[in-house]
Amino acid sequence: MGLSLRGILLAAWIFPSLPICLLRPFYGIVLWTIISFTSIQWYTYSAREVPWALVVAIPTLIGSVLFGRNWRSVFSLEALLLVGLWLWFTVTTIISVSTPALADHADSTWLRWAFVSKVLLMTLVAVAVVDSFERLRTLVLVIAACFGFFVVKCLPFLVLHGGADRVYGPEKSMIADNNDFGLALNMTLPLFFFLAQSESNPRLKRLFWALSLATIPAIFFTYSRGALLGLIVVSGLMFLHMKQRSILVPLLIVGVLIAVIFAPESWRHRMDPTRKDAVDGSAYSRINAWTFSWRLACEYPLTGGGFDTFTKGLFILYAPNPLDVHGPHSIYFGVLAEHGFIGLFLYLLMIGACVVSVRRVLRWARLCGDEVAAHYANMFCVSLAGFLISGFFLGRQYFDYFFTVIACMIAFKRVCLLRWTDRVAEEPVLEEAVA
């Protein structure tokens with residue numbers, strides 16, 4: 001089959017960009033982010049099978065090695081913990097495929113390890129090439145634009161169907177499932193909200209306020225209860241981090257009213273925690289998967305069962321209901337089952353180190369009066385909170401979006417210190433940090 005017009009346009013954009021990705025690897029990271037987040041190839045029909053993300057990743061990686069100037073940033077504590085987590089994933093993979101009781105899923109374990117390794121490698125490349133606050137801002141704006149497109153795209157669908165049908169992400173993407181889409185929107189709502197406060201362009205401000213408002217009903221109509229819980233927590237955190245709270249309250253009220261007024265009975269029924277069948281099959285599946293994860297981790301406490309350990313054979317041995325085979329339904333139980341208690345500890349330690357680092361920069365930003373940096377610090381922390389809360393009910397522990405936020409948080413400290421270098425004389429409290 002020949003290329004369609006869309007496929008030709010995509011190829012005409014990507015292939016001339018490859019030399020730029022080699023010479024300017026930051027451009028490659030931006031392009032890779034767009035492809036990974038939007039799965040734009042699935043809108044072309046005839047070019048779907050081309051691994052466009054890999055095509056862009058190769059010259060970007062080579063360019064970052066040849067022309068990158070900030071690989072020393074990989075030696076920060078947060079980045080080293082990320083590398084340590086990657087190494088532990090490799091250890092658990094080797095042990096898993098070498099253990100007879102776990103070797104039945106050896107092929108899928110290696111495939112998943114390869115996929116996660118690609119994500120982690122590009123995360124480290126992003127840390128290295130995002131070497132200025134302007135580049136960090138550009139990357140954040142690109143992420144916001146990707147999900148802003150999805151929010152705007154789903155609004156006519158919501159209006160025409162009256163919220164009767166669930167909202168999904170693009171086919172074969174990381175957010176194809178309605179639950180995953182809700183998770184991603186909970187991570188993106190803080191981006192819209194804090195960008196609306198930090199951007200100086202009035203048009204961008206209005207755009208991000210509008211997207212903040214539109215994202216609320218979009219989250220509602222994913223029909224994801226985990227996403228709804230995440231929205232409640234994210235909204236509360238945004239309220240706490242906002243000085244002019246009188247702006248947020250009407251924004252949330254309008255967004256909730258729009259969602260509730262148009263909510264069909266099917267949505268109300270699913271979200272009602274007082275109904276008799278509130279604990280439905282989905283909830284029982286989660287409990288079954290969590291129990292399986294705990295029992296498997298207790299059997300293999302150090303290394304777990306390796307990637308993709310949620311198999312029929314192991315469910316027979318460790319699950320209360322061996323016939324109800326599902327994924328982890330939780331980022332925490334997922335890491336625990338696949339990489340043991342050590343893996344879960346490293347995973348949470350990396351997250352905790354990033355939060356501590358960003359919170360420290362937030363204090364510095366307030367000391368030197370940098371409101372933009374303060375907004376970015378709150379933005380990253382609240383976005384991560386959206387992942388951690390909604391992720392308790394979703395098995396997306398290797399979410400591309402999550403690791404991109406981690407990359408931004410790792411780079412954030414360095415780019416802020418560079419941003420403040422010229423102000424050290426005026427702000428002695430920062431002198432030690434900048435040094």
# chains A, B, ... in the order shown; residues from 1 in each chain; ligands from 1
$ residues_around --residues "range 188-204 of chain A" --least-positions-apart "6" --cutoff "7 Å" --atoms "only C-alpha atoms" --output "short mmCIF file (atom, residue, chain, number, x, y, z; two decimals) with N, CA and C atoms, in the first residue's frame"
data_model
loop_
_atom_site.label_atom_id
_atom_site.label_comp_id
_atom_site.auth_asym_id
_atom_site.auth_seq_id
_atom_site.Cartn_x
_atom_site.Cartn_y
_atom_site.Cartn_z
N ALA A 144 2.17 20.41 27.06
CA ALA A 144 0.86 21.02 27.22
C ALA A 144 0.11 21.09 25.90
N LEU A 211 -8.10 25.90 28.75
CA LEU A 211 -7.78 24.47 28.77
C LEU A 211 -7.94 23.89 30.17
N SER A 212 -7.59 24.67 31.19
CA SER A 212 -7.80 24.21 32.56
C SER A 212 -9.27 23.92 32.82
N THR A 215 -10.47 20.80 30.74
CA THR A 215 -9.90 19.51 31.14
C THR A 215 -10.73 18.84 32.22
N VAL A 372 8.08 32.87 38.47
CA VAL A 372 7.93 31.89 37.39
C VAL A 372 8.51 30.54 37.82
N HIS A 375 6.23 28.88 40.28
CA HIS A 375 5.08 28.25 39.63
C HIS A 375 5.48 26.91 38.99
N TYR A 376 6.65 26.87 38.38
CA TYR A 376 7.10 25.62 37.76
C TYR A 376 7.34 24.55 38.81
N MET A 379 4.05 23.28 39.81
CA MET A 379 3.48 22.56 38.68
C MET A 379 3.99 21.12 38.62
N VAL A 382 2.66 19.01 41.71
CA VAL A 382 1.23 18.68 41.63
C VAL A 382 0.98 17.69 40.50
N SER A 383 1.67 17.85 39.38
CA SER A 383 1.54 16.90 38.28
C SER A 383 1.96 15.50 38.73
#
$ residues_around --residues "Leu346 in chain A" --least-positions-apart "2" --cutoff "9 Å" --atoms "only C-alpha atoms" --output "number ranges by chain"
A: 81-82, 84-85, 88, 341-344, 348-351
$ write_last_selection --atoms "C-alpha atoms" --output "compact mmCIF listing (two decimals), in the first residue's frame"
# COMPACT_ATOMS: atom_id res chain seq x y z
CA LEU A 81 18.80 7.00 41.49
CA LEU A 82 17.10 6.76 38.09
CA GLY A 84 20.16 2.69 39.82
CA LEU A 85 16.50 1.84 39.26
CA TRP A 88 17.86 -3.00 39.26
CA PHE A 341 10.60 -4.75 47.79
CA ILE A 342 13.99 -3.39 46.73
CA GLY A 343 12.59 -2.29 43.38
CA LEU A 344 9.63 -0.56 45.03
CA LEU A 348 9.76 5.57 45.62
CA LEU A 349 13.19 6.83 46.67
CA MET A 350 13.78 8.30 43.20
CA ILE A 351 10.39 10.02 43.32
$ residues_around --residues "range 116-124 of chain A" --least-positions-apart "3" --cutoff "8 Å" --atoms "only C-alpha atoms" --output "list of chain:residue names"
A:Ile29, A:Ala57, A:Leu61, A:Val74, A:Ala79, A:Leu82, A:Trp86, A:Arg112, A:Trp113, A:Val127, A:Ala128, A:Tyr398, A:Asp400, A:Phe403, A:Thr404, A:Ile406, A:Ala407
$ atom_distance --atom1 "CA of Gly327 in chain A" --atom2 "CA of Ala289 in chain A"
6.8 Å
$ closest_residue --among "A:Gly352, A:Gly395, A:Pro59, A:Gly7" --to "Ile410 in chain A" --atoms "only C-alpha atoms"
A:Gly352
$ closest_residue --among "A:Ser285, A:Ser390, A:Ser293, A:Thr44" --to "Ser4 in chain A" --atoms "only C-alpha atoms"
A:Thr44
$ residues_around --residues "Val91 in chain A" --least-positions-apart "6" --cutoff "10 Å" --atoms "only C-alpha atoms" --output "JSON, numbers by chain"
{"A": [85, 303, 306, 339]}
